file my_file14.cif (mmCIF, C-alpha atoms)
data_upload
loop_
_atom_site.label_atom_id
_atom_site.label_comp_id
_atom_site.auth_asym_id
_atom_site.auth_seq_id
_atom_site.Cartn_x
_atom_site.Cartn_y
_atom_site.Cartn_z
CA MET H 62 7.22 -12.20 28.26
CA SER H 63 4.77 -10.25 30.40
CA TYR H 64 1.00 -10.65 30.08
CA LEU H 65 0.78 -7.29 28.33
CA ASP H 66 3.55 -8.14 25.88
CA GLU H 67 2.06 -11.53 25.12
CA LEU H 68 -1.46 -10.16 24.62
CA PHE H 69 -0.37 -7.62 22.01
CA SER H 70 2.53 -9.53 20.47
CA VAL H 71 2.93 -9.95 16.72
CA ALA H 72 6.44 -11.37 17.06
CA GLY H 73 7.26 -13.87 14.34
CA LYS H 74 4.29 -12.96 12.17
CA THR H 75 4.61 -12.12 8.47
CA ALA H 76 2.66 -9.20 7.03
CA LEU H 77 2.04 -7.46 3.72
CA VAL H 78 1.17 -3.78 3.79
CA THR H 79 0.28 -2.16 0.47
CA GLY H 80 0.91 1.51 -0.15
CA ALA H 81 3.24 1.52 2.84
CA ALA H 82 5.93 3.93 1.66
CA THR H 83 4.09 6.92 3.13
CA GLY H 84 1.28 7.99 5.41
CA ILE H 85 -0.92 5.55 7.28
CA GLY H 86 0.61 2.55 5.52
CA ARG H 87 4.02 3.48 6.79
CA MET H 88 2.59 3.97 10.30
CA VAL H 89 1.14 0.45 10.16
CA ALA H 90 4.40 -1.05 8.89
CA THR H 91 6.43 0.78 11.53
CA ALA H 92 4.26 -0.52 14.36
CA LEU H 93 4.47 -4.10 13.11
CA VAL H 94 8.25 -3.99 12.67
CA GLN H 95 8.70 -2.40 16.09
CA ALA H 96 6.61 -5.21 17.58
CA GLY H 97 8.61 -8.02 15.98
CA ALA H 98 6.88 -8.86 12.69
CA THR H 99 8.43 -9.37 9.27
CA VAL H 100 6.74 -6.80 7.06
CA MET H 101 6.65 -6.69 3.27
CA ILE H 102 6.16 -3.11 2.09
CA ALA H 103 4.81 -2.72 -1.43
CA SER H 104 3.68 0.23 -3.52
CA ARG H 105 3.96 1.46 -7.10
CA LYS H 106 7.19 3.26 -6.17
CA GLY H 107 9.46 0.33 -5.43
CA GLU H 108 12.52 2.48 -4.73
CA ASP H 109 10.60 4.34 -2.03
CA CYS H 110 9.59 1.03 -0.46
CA ILE H 111 13.19 -0.20 -0.43
CA LYS H 112 14.26 3.06 1.21
CA VAL H 113 11.53 2.90 3.86
CA ALA H 114 12.35 -0.73 4.61
CA ALA H 115 15.98 0.21 5.18
CA GLU H 116 14.93 3.01 7.50
CA LEU H 117 12.70 0.69 9.51
CA ASN H 118 15.45 -1.91 9.72
CA GLY H 119 17.70 0.83 11.09
CA LEU H 120 15.45 1.33 14.11
CA GLY H 121 17.02 -1.60 15.91
CA ALA H 122 13.62 -3.22 16.43
CA SER H 123 13.04 -6.96 16.70
CA GLY H 124 11.12 -7.09 13.42
CA HIS H 125 12.28 -6.81 9.83
CA ALA H 126 11.07 -5.01 6.71
CA GLU H 127 11.36 -5.86 3.01
CA GLY H 128 10.47 -3.31 0.35
CA PHE H 129 9.59 -3.88 -3.29
CA ALA H 130 7.31 -2.61 -6.06
CA GLY H 131 3.69 -3.65 -6.20
CA ASP H 132 0.92 -2.07 -8.29
CA VAL H 133 -2.64 -3.01 -7.31
CA SER H 134 -4.33 -0.76 -9.86
CA THR H 135 -4.58 -3.49 -12.51
CA GLU H 136 -5.29 -7.22 -12.64
CA ALA H 137 -1.79 -7.86 -13.99
CA GLY H 138 -0.26 -5.77 -11.24
CA ILE H 139 -2.11 -7.71 -8.56
CA ALA H 140 -0.99 -11.01 -10.10
CA ALA H 141 2.62 -9.83 -10.11
CA LEU H 142 2.39 -8.72 -6.47
CA VAL H 143 0.89 -12.04 -5.41
CA ALA H 144 3.69 -13.89 -7.20
CA GLU H 145 6.29 -11.75 -5.44
CA VAL H 146 4.73 -12.41 -2.04
CA LYS H 147 4.53 -16.16 -2.70
CA ALA H 148 8.19 -16.16 -3.67
CA ARG H 149 9.06 -14.65 -0.30
CA THR H 150 6.81 -16.61 2.08
CA ASP H 151 4.45 -19.57 2.26
CA LYS H 152 2.41 -18.07 5.09
CA LEU H 153 0.85 -14.65 5.54
CA HIS H 154 -0.46 -13.82 9.01
CA ILE H 155 -1.47 -10.23 8.25
CA LEU H 156 -2.67 -8.45 5.11
CA VAL H 157 -3.22 -4.70 5.27
CA ASN H 158 -4.98 -3.35 2.18
CA ASN H 159 -3.83 0.23 2.59
CA ALA H 160 -3.10 1.36 -0.97
CA GLY H 161 -5.52 4.06 -2.02
CA ILE H 162 -5.98 7.07 -4.25
CA SER H 163 -8.35 10.00 -4.46
CA TRP H 164 -9.69 12.39 -7.08
CA GLY H 165 -11.06 15.86 -6.55
CA ALA H 166 -13.34 17.79 -8.87
CA SER H 167 -16.59 19.69 -8.71
CA LEU H 168 -19.84 17.81 -9.18
CA GLU H 169 -20.29 19.37 -12.62
CA ASP H 170 -16.75 18.53 -13.78
CA PHE H 171 -16.11 15.18 -12.12
CA PRO H 172 -14.68 12.90 -14.88
CA TYR H 173 -15.83 9.36 -15.62
CA HIS H 174 -12.26 8.01 -15.55
CA GLY H 175 -11.69 9.66 -12.16
CA TRP H 176 -14.44 7.49 -10.74
CA ALA H 177 -13.26 4.27 -12.36
CA LYS H 178 -9.61 4.76 -11.41
CA VAL H 179 -10.37 5.36 -7.73
CA PHE H 180 -12.66 2.34 -7.48
CA ALA H 181 -10.06 0.13 -9.18
CA VAL H 182 -7.49 0.83 -6.46
CA ASN H 183 -9.68 1.44 -3.42
CA VAL H 184 -12.24 -1.33 -3.85
CA THR H 185 -11.51 -3.78 -6.67
CA ALA H 186 -7.92 -4.31 -5.54
CA VAL H 187 -9.00 -4.96 -1.94
CA PHE H 188 -11.25 -7.80 -3.07
CA HIS H 189 -8.93 -9.38 -5.63
CA LEU H 190 -5.69 -9.14 -3.64
CA THR H 191 -7.38 -10.61 -0.57
CA ARG H 192 -8.87 -13.45 -2.61
CA GLU H 193 -5.60 -14.28 -4.35
CA LEU H 194 -3.71 -14.37 -1.04
CA LEU H 195 -6.26 -16.60 0.72
CA PRO H 196 -4.06 -19.73 0.45
CA LEU H 197 -1.24 -17.97 2.31
CA LEU H 198 -3.62 -16.51 4.89
CA GLU H 199 -5.22 -19.91 5.51
CA ALA H 200 -1.78 -21.49 5.88
CA ALA H 201 -0.99 -19.06 8.70
CA ALA H 202 -4.37 -19.27 10.44
CA SER H 203 -5.32 -21.31 13.49
CA ASP H 204 -8.28 -21.45 15.85
CA ALA H 205 -6.34 -19.66 18.57
CA ASP H 206 -4.68 -17.16 16.25
CA PRO H 207 -6.63 -16.32 13.09
CA ALA H 208 -5.01 -14.67 10.10
CA ARG H 209 -5.89 -10.97 9.90
CA VAL H 210 -7.02 -8.71 7.09
CA ILE H 211 -7.27 -4.96 7.68
CA ASN H 212 -8.77 -2.74 5.02
CA LEU H 213 -8.37 1.03 4.93
CA GLY H 214 -11.70 2.78 4.98
CA SER H 215 -12.28 6.37 6.03
CA VAL H 216 -14.48 8.62 8.09
CA MET H 217 -15.64 9.82 4.67
CA GLY H 218 -17.07 6.35 4.11
CA THR H 219 -19.03 6.68 7.34
CA GLN H 220 -20.27 10.25 7.02
CA PRO H 221 -22.13 11.66 3.97
CA LEU H 222 -19.27 14.00 3.17
CA ALA H 223 -17.82 14.55 -0.30
CA ASP H 224 -15.57 17.65 -0.30
CA ASP H 225 -15.37 17.20 -4.10
CA ALA H 226 -13.96 13.68 -3.63
CA TYR H 227 -17.06 11.87 -4.82
CA SER H 228 -15.45 8.65 -5.96
CA TYR H 229 -13.23 8.50 -2.87
CA THR H 230 -16.04 8.82 -0.35
CA ALA H 231 -18.20 6.31 -2.23
CA SER H 232 -15.27 3.90 -2.51
CA LYS H 233 -14.64 4.00 1.22
CA GLY H 234 -18.29 3.28 1.93
CA ALA H 235 -17.88 0.27 -0.37
CA VAL H 236 -14.74 -0.80 1.52
CA HIS H 237 -16.67 -0.77 4.79
CA HIS H 238 -19.45 -2.93 3.35
CA LEU H 239 -16.99 -5.28 1.63
CA THR H 240 -15.16 -5.65 4.95
CA ARG H 241 -18.33 -6.81 6.69
CA THR H 242 -19.16 -9.15 3.80
CA LEU H 243 -15.72 -10.77 3.77
CA ALA H 244 -15.71 -11.03 7.56
CA ILE H 245 -18.65 -13.41 7.51
CA GLU H 246 -17.42 -15.20 4.38
CA LEU H 247 -13.95 -15.90 5.80
CA ALA H 248 -14.76 -16.55 9.46
CA ALA H 249 -14.97 -20.30 8.90
CA ARG H 250 -11.50 -20.17 7.35
CA ARG H 251 -10.14 -18.63 10.58
CA ILE H 252 -9.48 -15.25 9.00
CA THR H 253 -10.71 -12.03 10.57
CA VAL H 254 -11.49 -9.01 8.39
CA ASN H 255 -11.73 -5.51 9.86
CA ALA H 256 -11.31 -1.95 8.63
CA PHE H 257 -9.83 1.26 9.91
CA ALA H 258 -11.93 4.36 9.32
CA PRO H 259 -9.37 7.13 9.94
CA GLY H 260 -10.04 10.81 10.21
CA PRO H 261 -7.35 13.33 9.23
CA PHE H 262 -3.71 12.21 9.41
CA GLN H 263 -0.64 13.68 7.78
CA SER H 264 0.02 11.84 4.53
CA ARG H 265 0.82 12.45 0.89
CA MET H 266 -2.89 12.32 0.07
CA THR H 267 -3.78 14.98 2.66
CA ALA H 268 -0.66 17.15 2.23
CA PHE H 269 -2.74 19.93 0.69
CA ALA H 270 -4.56 20.29 4.02
CA THR H 271 -2.10 18.94 6.65
CA GLY H 272 1.31 19.50 5.02
CA THR H 273 2.45 22.09 7.55
CA GLU H 274 2.04 22.24 11.30
CA GLU H 275 -0.12 25.32 10.94
CA LYS H 276 -2.43 23.56 8.49
CA ALA H 277 -2.52 20.46 10.68
CA ARG H 278 -3.54 22.53 13.70
CA HIS H 279 -6.28 24.20 11.66
CA VAL H 280 -7.70 20.87 10.51
CA GLY H 281 -7.35 19.47 14.02
CA SER H 282 -9.38 22.34 15.42
CA HIS H 283 -12.42 20.90 13.61
CA VAL H 284 -11.97 17.46 15.21
CA PRO H 285 -13.90 16.94 18.47
CA ILE H 286 -10.80 15.75 20.30
CA GLY H 287 -8.91 18.81 19.07
CA ARG H 288 -6.08 17.39 16.93
CA ILE H 289 -5.34 15.29 13.87
CA GLY H 290 -4.19 11.71 14.22
CA VAL H 291 -0.61 10.65 14.95
CA ALA H 292 1.39 7.51 14.27
CA ASP H 293 0.70 5.89 17.65
CA ASP H 294 -3.04 6.12 17.03
CA ILE H 295 -2.61 3.86 14.01
CA GLY H 296 0.09 1.75 15.65
CA GLY H 297 -2.04 0.94 18.68
CA ALA H 298 -5.04 -0.02 16.57
CA THR H 299 -2.85 -2.19 14.34
CA LEU H 300 -1.31 -4.14 17.20
CA TYR H 301 -4.73 -4.62 18.80
CA LEU H 302 -6.34 -6.11 15.70
CA CYS H 303 -3.29 -8.17 14.68
CA SER H 304 -2.45 -9.69 18.07
CA ARG H 305 -4.18 -12.11 20.43
CA ALA H 306 -5.96 -9.10 21.92
CA GLY H 307 -8.04 -8.73 18.76
CA SER H 308 -8.46 -12.37 17.76
CA TYR H 309 -12.22 -12.36 18.45
CA VAL H 310 -12.93 -9.17 16.52
CA THR H 311 -14.14 -9.40 12.94
CA GLY H 312 -16.40 -7.27 10.76
CA ALA H 313 -15.56 -4.12 12.72
CA ILE H 314 -15.16 -0.67 11.19
CA LEU H 315 -12.86 0.94 13.73
CA PRO H 316 -13.11 4.74 13.84
CA ILE H 317 -9.72 6.35 14.40
CA ASP H 318 -10.96 9.88 13.94
CA GLY H 319 -11.03 11.78 17.22
CA GLY H 320 -14.83 11.68 17.28
CA GLN H 321 -15.61 12.84 13.75
CA SER H 322 -17.77 9.82 12.98
CA VAL H 323 -20.21 10.87 15.70
CA GLN H 324 -19.89 14.58 15.09
CA HIS H 325 -22.99 16.43 13.94
CA GLY H 326 -24.50 19.88 13.99
CA LEU H 327 -27.97 18.83 15.01
CA THR H 328 -29.79 20.09 18.08
CA LEU H 329 -33.28 19.30 19.28
CA PHE H 330 -34.03 21.55 22.21
CA LYS H 331 -30.82 23.34 23.09
CA GLU H 332 -30.04 26.66 21.50
#
call {"tool": "encode", "arguments": {"input": "my_file14.cif", "output": "C-alpha cells"}}
result
Amino acid sequence: MSYLDELFSVAGKTALVTGAATGIGRMVATALVQAGATVMIASRKGEDCIKVAAELNGLGASGHAEGFAGDVSTEAGIAALVAEVKARTDKLHILVNNAGISWGASLEDFPYHGWAKVFAVNVTAVFHLTRELLPLLEAAASDADPARVINLGSVMGTQPLADDAYSYTASKGAVHHLTRTLAIELAARRITVNAFAPGPFQSRMTAFATGTEEKARHVGSHVPIGRIGVADDIGGATLYLCSRAGSYVTGAILPIDGGQSVQHGLTLFKE
C-alpha cells in the first residue's frame, strides 16, 4: 500500500451512516464503501436502504454495504436502531449522523410542531444515538486510530440565514455547538467528533431548488466558487476525517460550501 493509500485508508473499518439512502448520506456511504469499509445504511425507508446497499455492492469496490430500516425521530426508534447495529457488529469505527429534516413556512405561520419535529431529528437524535453507541465506538478506538463521529451541520448553521426554514437553521447551529461540546467530552475516550457544514448539494431535501441541471446551475451561480457541491466533495472530506489523515482533528466544523460561509455583501471603502 502506498503512502497516500495508507494515509487515507478506511479499509476494514465498520461504519453507520443514518439517512444514507439519498443525498449527502449516500455520498458518504459510497465513499466509505469504495475505500474498503463495511457500511451500515439506515433510514426510515428500509427498502430504499436495501436497494442502495445492493447498488453499492455492485460497484465492485473492496468495501461492503448493508441496508436496513432505522428511525431516529423517536426514543424508541433510536433504541431499535442501536439494537440492530449491536446485532451486526461489536465495534463501530465511524458514526455519521446524517439523518435530517427541514420545515418551511413564513415567520407568521411557522407551526410549533414544525419546530419540535425538526429538532427531534436534527439535534436530539444526534446526541442520543451517539451516546447509545459509545460502547461500540470505544471498542473500536485506539490511541493511534480514534473512533470517528461526523455530524451533519450546514452553512445555514454558520450564517444567519433562514429562507423560511427557521427550525432547520437553528437546529444546524445547535449541531455545530453540540459537535464542539462532544469533541471535548469524548477526546479522552479516543473518539473524535467533527461536523460537515455543507452548502448546496443535490438531494431530496433540496430538490425544489436543485432538482434539474438548470436549477442547479442557477443556485451554483450564487456560490463564490461558481457551482453546487458534487459527490467527490463529500467523499474527500469523509475519507480525510475518517482515516489516519484526520486522526488529530476534533471539534472542527468543516465548511464544504464553495465559500458561502465567508461570503458577505459588506464593503468598507470600495464602491
call {"tool": "closest_atom_pairs", "arguments": {"input": "my_file14.cif", "of": "segment 184-210 of chain H", "to": "segment 143-166 of chain H", "cutoff": "7 Å", "atoms": "only C-alpha atoms", "output": "CSV"}}
result
residue,atom,partner,partner_atom,distance
H:Val187,CA,H:Asn158,CA,6.0
H:Glu193,CA,H:Val143,CA,6.9
H:Leu194,CA,H:Val143,CA,6.8
H:Leu197,CA,H:Lys152,CA,4.6
H:Leu198,CA,H:Leu153,CA,4.9
H:Ala200,CA,H:Lys152,CA,5.5
H:Ala201,CA,H:Lys152,CA,5.1
H:Ala202,CA,H:His154,CA,6.9
H:Ala208,CA,H:His154,CA,4.8
H:Arg209,CA,H:Ile155,CA,4.8
H:Val210,CA,H:Leu156,CA,4.8
call {"tool": "closest_atom_pairs", "arguments": {"input": "my_file14.cif", "of": "segment 202-313 of chain H", "to": "segment 94-97 of chain H", "cutoff": "12 Å", "atoms": "all atoms listed in the file", "output": "Markdown table"}}
result
| residue | atom | partner | partner_atom | distance |
| --- | --- | --- | --- | --- |
| H:Asp293 | CA | H:Gln95 | CA | 11.6 |
| H:Gly296 | CA | H:Gln95 | CA | 9.6 |
| H:Gly297 | CA | H:Ala96 | CA | 10.7 |
| H:Thr299 | CA | H:Ala96 | CA | 10.4 |
| H:Leu300 | CA | H:Ala96 | CA | 8.0 |
| H:Tyr301 | CA | H:Ala96 | CA | 11.4 |
| H:Cys303 | CA | H:Ala96 | CA | 10.7 |
| H:Ser304 | CA | H:Ala96 | CA | 10.1 |
call {"tool": "closest_residue", "arguments": {"input": "my_file14.cif", "among": "H:Ser70, H:Asn183, H:Thr135, H:Thr271", "to": "Ser123 of chain H", "atoms": "only C-alpha atoms"}}
result
H:Ser70
call {"tool": "closest_residue", "arguments": {"input": "my_file14.cif", "among": "H:Ala98, H:Gly73, H:Asn212, H:Gly138", "to": "Gly86 of chain H", "atoms": "only C-alpha atoms"}}
result
H:Asn212
call {"tool": "atom_distance", "arguments": {"input": "my_file14.cif", "atom1": "atom CA of Lys106 of chain H", "atom2": "atom CA of Phe129 of chain H"}}
result
8.1 Å
call {"tool": "closest_residue", "arguments": {"input": "my_file14.cif", "among": "H:Ser167, H:Thr242, H:Thr230, H:Gln324", "to": "Phe188 of chain H", "atoms": "only C-alpha atoms"}}
result
H:Thr242
call {"tool": "residues_around", "arguments": {"input": "my_file14.cif", "residues": "Arg265 of chain H", "least_positions_apart": "5", "cutoff": "9 Å", "atoms": "all atoms listed in the file", "output": "count of residues only"}}
result
3
call {"tool": "residues_around", "arguments": {"input": "my_file14.cif", "residues": "Ser308 of chain H", "least_positions_apart": "6", "cutoff": "7 Å", "atoms": "all atoms listed in the file", "output": "ChimeraX atom specification"}}
result
/H:206-207,302
call {"tool": "resolve_selection", "arguments": {"input": "my_file14.cif", "expression": "the PyMOL selection byres ((chain H and resi 176) around 10)", "output": "PDB file with C-alpha atoms, keeping the file's coordinate frame"}}
result
ATOM      1  CA  SER H 163      -8.350  10.000  -4.460  1.00  0.00           C
ATOM      2  CA  TRP H 164      -9.690  12.390  -7.080  1.00  0.00           C
ATOM      3  CA  GLY H 165     -11.060  15.860  -6.550  1.00  0.00           C
ATOM      4  CA  PHE H 171     -16.110  15.180 -12.120  1.00  0.00           C
ATOM      5  CA  PRO H 172     -14.680  12.900 -14.880  1.00  0.00           C
ATOM      6  CA  TYR H 173     -15.830   9.360 -15.620  1.00  0.00           C
ATOM      7  CA  HIS H 174     -12.260   8.010 -15.550  1.00  0.00           C
ATOM      8  CA  GLY H 175     -11.690   9.660 -12.160  1.00  0.00           C
ATOM      9  CA  ALA H 177     -13.260   4.270 -12.360  1.00  0.00           C
ATOM     10  CA  LYS H 178      -9.610   4.760 -11.410  1.00  0.00           C
ATOM     11  CA  VAL H 179     -10.370   5.360  -7.730  1.00  0.00           C
ATOM     12  CA  PHE H 180     -12.660   2.340  -7.480  1.00  0.00           C
ATOM     13  CA  ALA H 181     -10.060   0.130  -9.180  1.00  0.00           C
ATOM     14  CA  ALA H 226     -13.960  13.680  -3.630  1.00  0.00           C
ATOM     15  CA  TYR H 227     -17.060  11.870  -4.820  1.00  0.00           C
ATOM     16  CA  SER H 228     -15.450   8.650  -5.960  1.00  0.00           C
ATOM     17  CA  TYR H 229     -13.230   8.500  -2.870  1.00  0.00           C
ATOM     18  CA  ALA H 231     -18.200   6.310  -2.230  1.00  0.00           C
ATOM     19  CA  SER H 232     -15.270   3.900  -2.510  1.00  0.00           C
TER      20      SER H 232
END
call {"tool": "residues_around", "arguments": {"input": "my_file14.cif", "residues": "segment 251-264 of chain H", "least_positions_apart": "2", "cutoff": "7 Å", "atoms": "only C-alpha atoms", "output": "PyMOL selection string"}}
result
chain H and resi 83-85+202-204+207-216+237+240+243-244+247-249+266-268+271-272+289-291+310-318+321
call {"tool": "atom_distance", "arguments": {"input": "my_file14.cif", "atom1": "atom CA of Ser322 of chain H", "atom2": "atom CA of Thr219 of chain H"}}
result
6.6 Å
call {"tool": "closest_residue", "arguments": {"input": "my_file14.cif", "among": "H:Val100, H:Ala223, H:Ile139, H:Val89", "to": "Gly124 of chain H", "atoms": "all atoms listed in the file"}}
result
H:Val100
call {"tool": "atom_distance", "arguments": {"input": "my_file14.cif", "atom1": "atom CA of Gly307 of chain H", "atom2": "atom CA of Leu68 of chain H"}}
result
8.9 Å
call {"tool": "resolve_selection", "arguments": {"input": "my_file14.cif", "expression": "the PyMOL selection byres ((chain H and resi 107) around 10)", "output": "list in words"}}
result
Ala82, Ile102, Ala103, Ser104, Arg105, Lys106, Glu108, Asp109, Cys110, Ile111, Lys112, Val113, Gly128, Phe129, Ala130, Gly131 and Asp132 of chain H
call {"tool": "axis_aligned_box", "arguments": {"input": "my_file14.cif", "around": "segment 107-126 of chain H", "padding_each_side": "4 Å", "output": "JSON"}}
result
{"center_x": 13.6, "center_y": -1.4, "center_z": 5.6, "size_x": 16.2, "size_y": 19.4, "size_z": 30.1}
call {"tool": "decode", "arguments": {"input": "my_file14.cif", "residues": "segment 85-95 of chain H", "atoms": "all heavy atoms", "output": "mmCIF file, in the first residue's frame"}}
result
data_model
loop_
_atom_site.group_PDB
_atom_site.id
_atom_site.type_symbol
_atom_site.label_atom_id
_atom_site.label_comp_id
_atom_site.auth_asym_id
_atom_site.auth_seq_id
_atom_site.Cartn_x
_atom_site.Cartn_y
_atom_site.Cartn_z
ATOM 1 N N ILE H 85 -26.542 13.568 0.620
ATOM 2 C CA ILE H 85 -25.206 13.586 1.194
ATOM 3 C C ILE H 85 -24.898 12.288 1.924
ATOM 4 O O ILE H 85 -23.771 11.783 1.877
ATOM 5 C CB ILE H 85 -25.046 14.815 2.112
ATOM 6 C CG1 ILE H 85 -24.978 16.085 1.254
ATOM 7 C CG2 ILE H 85 -23.800 14.697 2.981
ATOM 8 C CD1 ILE H 85 -24.931 17.377 2.029
ATOM 9 N N GLY H 86 -25.888 11.697 2.591
ATOM 10 C CA GLY H 86 -25.660 10.433 3.268
ATOM 11 C C GLY H 86 -25.220 9.340 2.321
ATOM 12 O O GLY H 86 -24.310 8.561 2.625
ATOM 13 N N ARG H 87 -25.853 9.303 1.177
ATOM 14 C CA ARG H 87 -25.449 8.309 0.177
ATOM 15 C C ARG H 87 -24.043 8.603 -0.351
ATOM 16 O O ARG H 87 -23.265 7.683 -0.603
ATOM 17 C CB ARG H 87 -26.456 8.275 -0.978
ATOM 18 C CG ARG H 87 -26.073 7.278 -2.060
ATOM 19 C CD ARG H 87 -27.180 7.026 -3.052
ATOM 20 N NE ARG H 87 -26.742 6.088 -4.078
ATOM 21 C CZ ARG H 87 -27.546 5.373 -4.848
ATOM 22 N NH1 ARG H 87 -28.863 5.494 -4.707
ATOM 23 N NH2 ARG H 87 -27.075 4.541 -5.751
ATOM 24 N N MET H 88 -23.710 9.865 -0.509
ATOM 25 C CA MET H 88 -22.354 10.236 -0.945
ATOM 26 C C MET H 88 -21.318 9.764 0.065
ATOM 27 O O MET H 88 -20.259 9.252 -0.304
ATOM 28 C CB MET H 88 -22.255 11.749 -1.131
ATOM 29 C CG MET H 88 -23.144 12.312 -2.216
ATOM 30 S SD MET H 88 -23.054 14.133 -2.254
ATOM 31 C CE MET H 88 -24.495 14.520 -3.278
ATOM 32 N N VAL H 89 -21.609 9.943 1.351
ATOM 33 C CA VAL H 89 -20.707 9.481 2.406
ATOM 34 C C VAL H 89 -20.557 7.968 2.347
ATOM 35 O O VAL H 89 -19.440 7.428 2.369
ATOM 36 C CB VAL H 89 -21.249 9.910 3.788
ATOM 37 C CG1 VAL H 89 -20.485 9.207 4.907
ATOM 38 C CG2 VAL H 89 -21.154 11.423 3.955
ATOM 39 N N ALA H 90 -21.681 7.258 2.272
ATOM 40 C CA ALA H 90 -21.646 5.797 2.247
ATOM 41 C C ALA H 90 -20.893 5.275 1.031
ATOM 42 O O ALA H 90 -20.105 4.329 1.134
ATOM 43 C CB ALA H 90 -23.071 5.249 2.263
ATOM 44 N N THR H 91 -21.100 5.916 -0.100
ATOM 45 C CA THR H 91 -20.419 5.491 -1.327
ATOM 46 C C THR H 91 -18.910 5.623 -1.187
ATOM 47 O O THR H 91 -18.153 4.710 -1.555
ATOM 48 C CB THR H 91 -20.904 6.327 -2.526
ATOM 49 O OG1 THR H 91 -22.317 6.167 -2.671
ATOM 50 C CG2 THR H 91 -20.215 5.896 -3.807
ATOM 51 N N ALA H 92 -18.455 6.743 -0.650
ATOM 52 C CA ALA H 92 -17.016 6.951 -0.479
ATOM 53 C C ALA H 92 -16.419 5.904 0.457
ATOM 54 O O ALA H 92 -15.337 5.355 0.187
ATOM 55 C CB ALA H 92 -16.764 8.353 0.068
ATOM 56 N N LEU H 93 -17.106 5.605 1.544
ATOM 57 C CA LEU H 93 -16.582 4.643 2.502
ATOM 58 C C LEU H 93 -16.529 3.233 1.915
ATOM 59 O O LEU H 93 -15.547 2.505 2.114
ATOM 60 C CB LEU H 93 -17.439 4.655 3.771
ATOM 61 C CG LEU H 93 -17.338 5.927 4.628
ATOM 62 C CD1 LEU H 93 -18.389 5.910 5.740
ATOM 63 C CD2 LEU H 93 -15.941 6.079 5.220
ATOM 64 N N VAL H 94 -17.577 2.845 1.182
ATOM 65 C CA VAL H 94 -17.568 1.523 0.548
ATOM 66 C C VAL H 94 -16.467 1.436 -0.505
ATOM 67 O O VAL H 94 -15.728 0.441 -0.578
ATOM 68 C CB VAL H 94 -18.949 1.218 -0.077
ATOM 69 C CG1 VAL H 94 -18.880 -0.015 -0.962
ATOM 70 C CG2 VAL H 94 -20.000 1.028 1.008
ATOM 71 N N GLN H 95 -16.349 2.478 -1.313
ATOM 72 C CA GLN H 95 -15.315 2.494 -2.350
ATOM 73 C C GLN H 95 -13.921 2.372 -1.741
ATOM 74 O O GLN H 95 -13.002 1.831 -2.367
ATOM 75 C CB GLN H 95 -15.402 3.793 -3.160
ATOM 76 C CG GLN H 95 -16.641 3.923 -4.022
ATOM 77 C CD GLN H 95 -16.461 3.313 -5.406
ATOM 78 O OE1 GLN H 95 -16.015 2.182 -5.548
ATOM 79 N NE2 GLN H 95 -16.816 4.075 -6.417
#
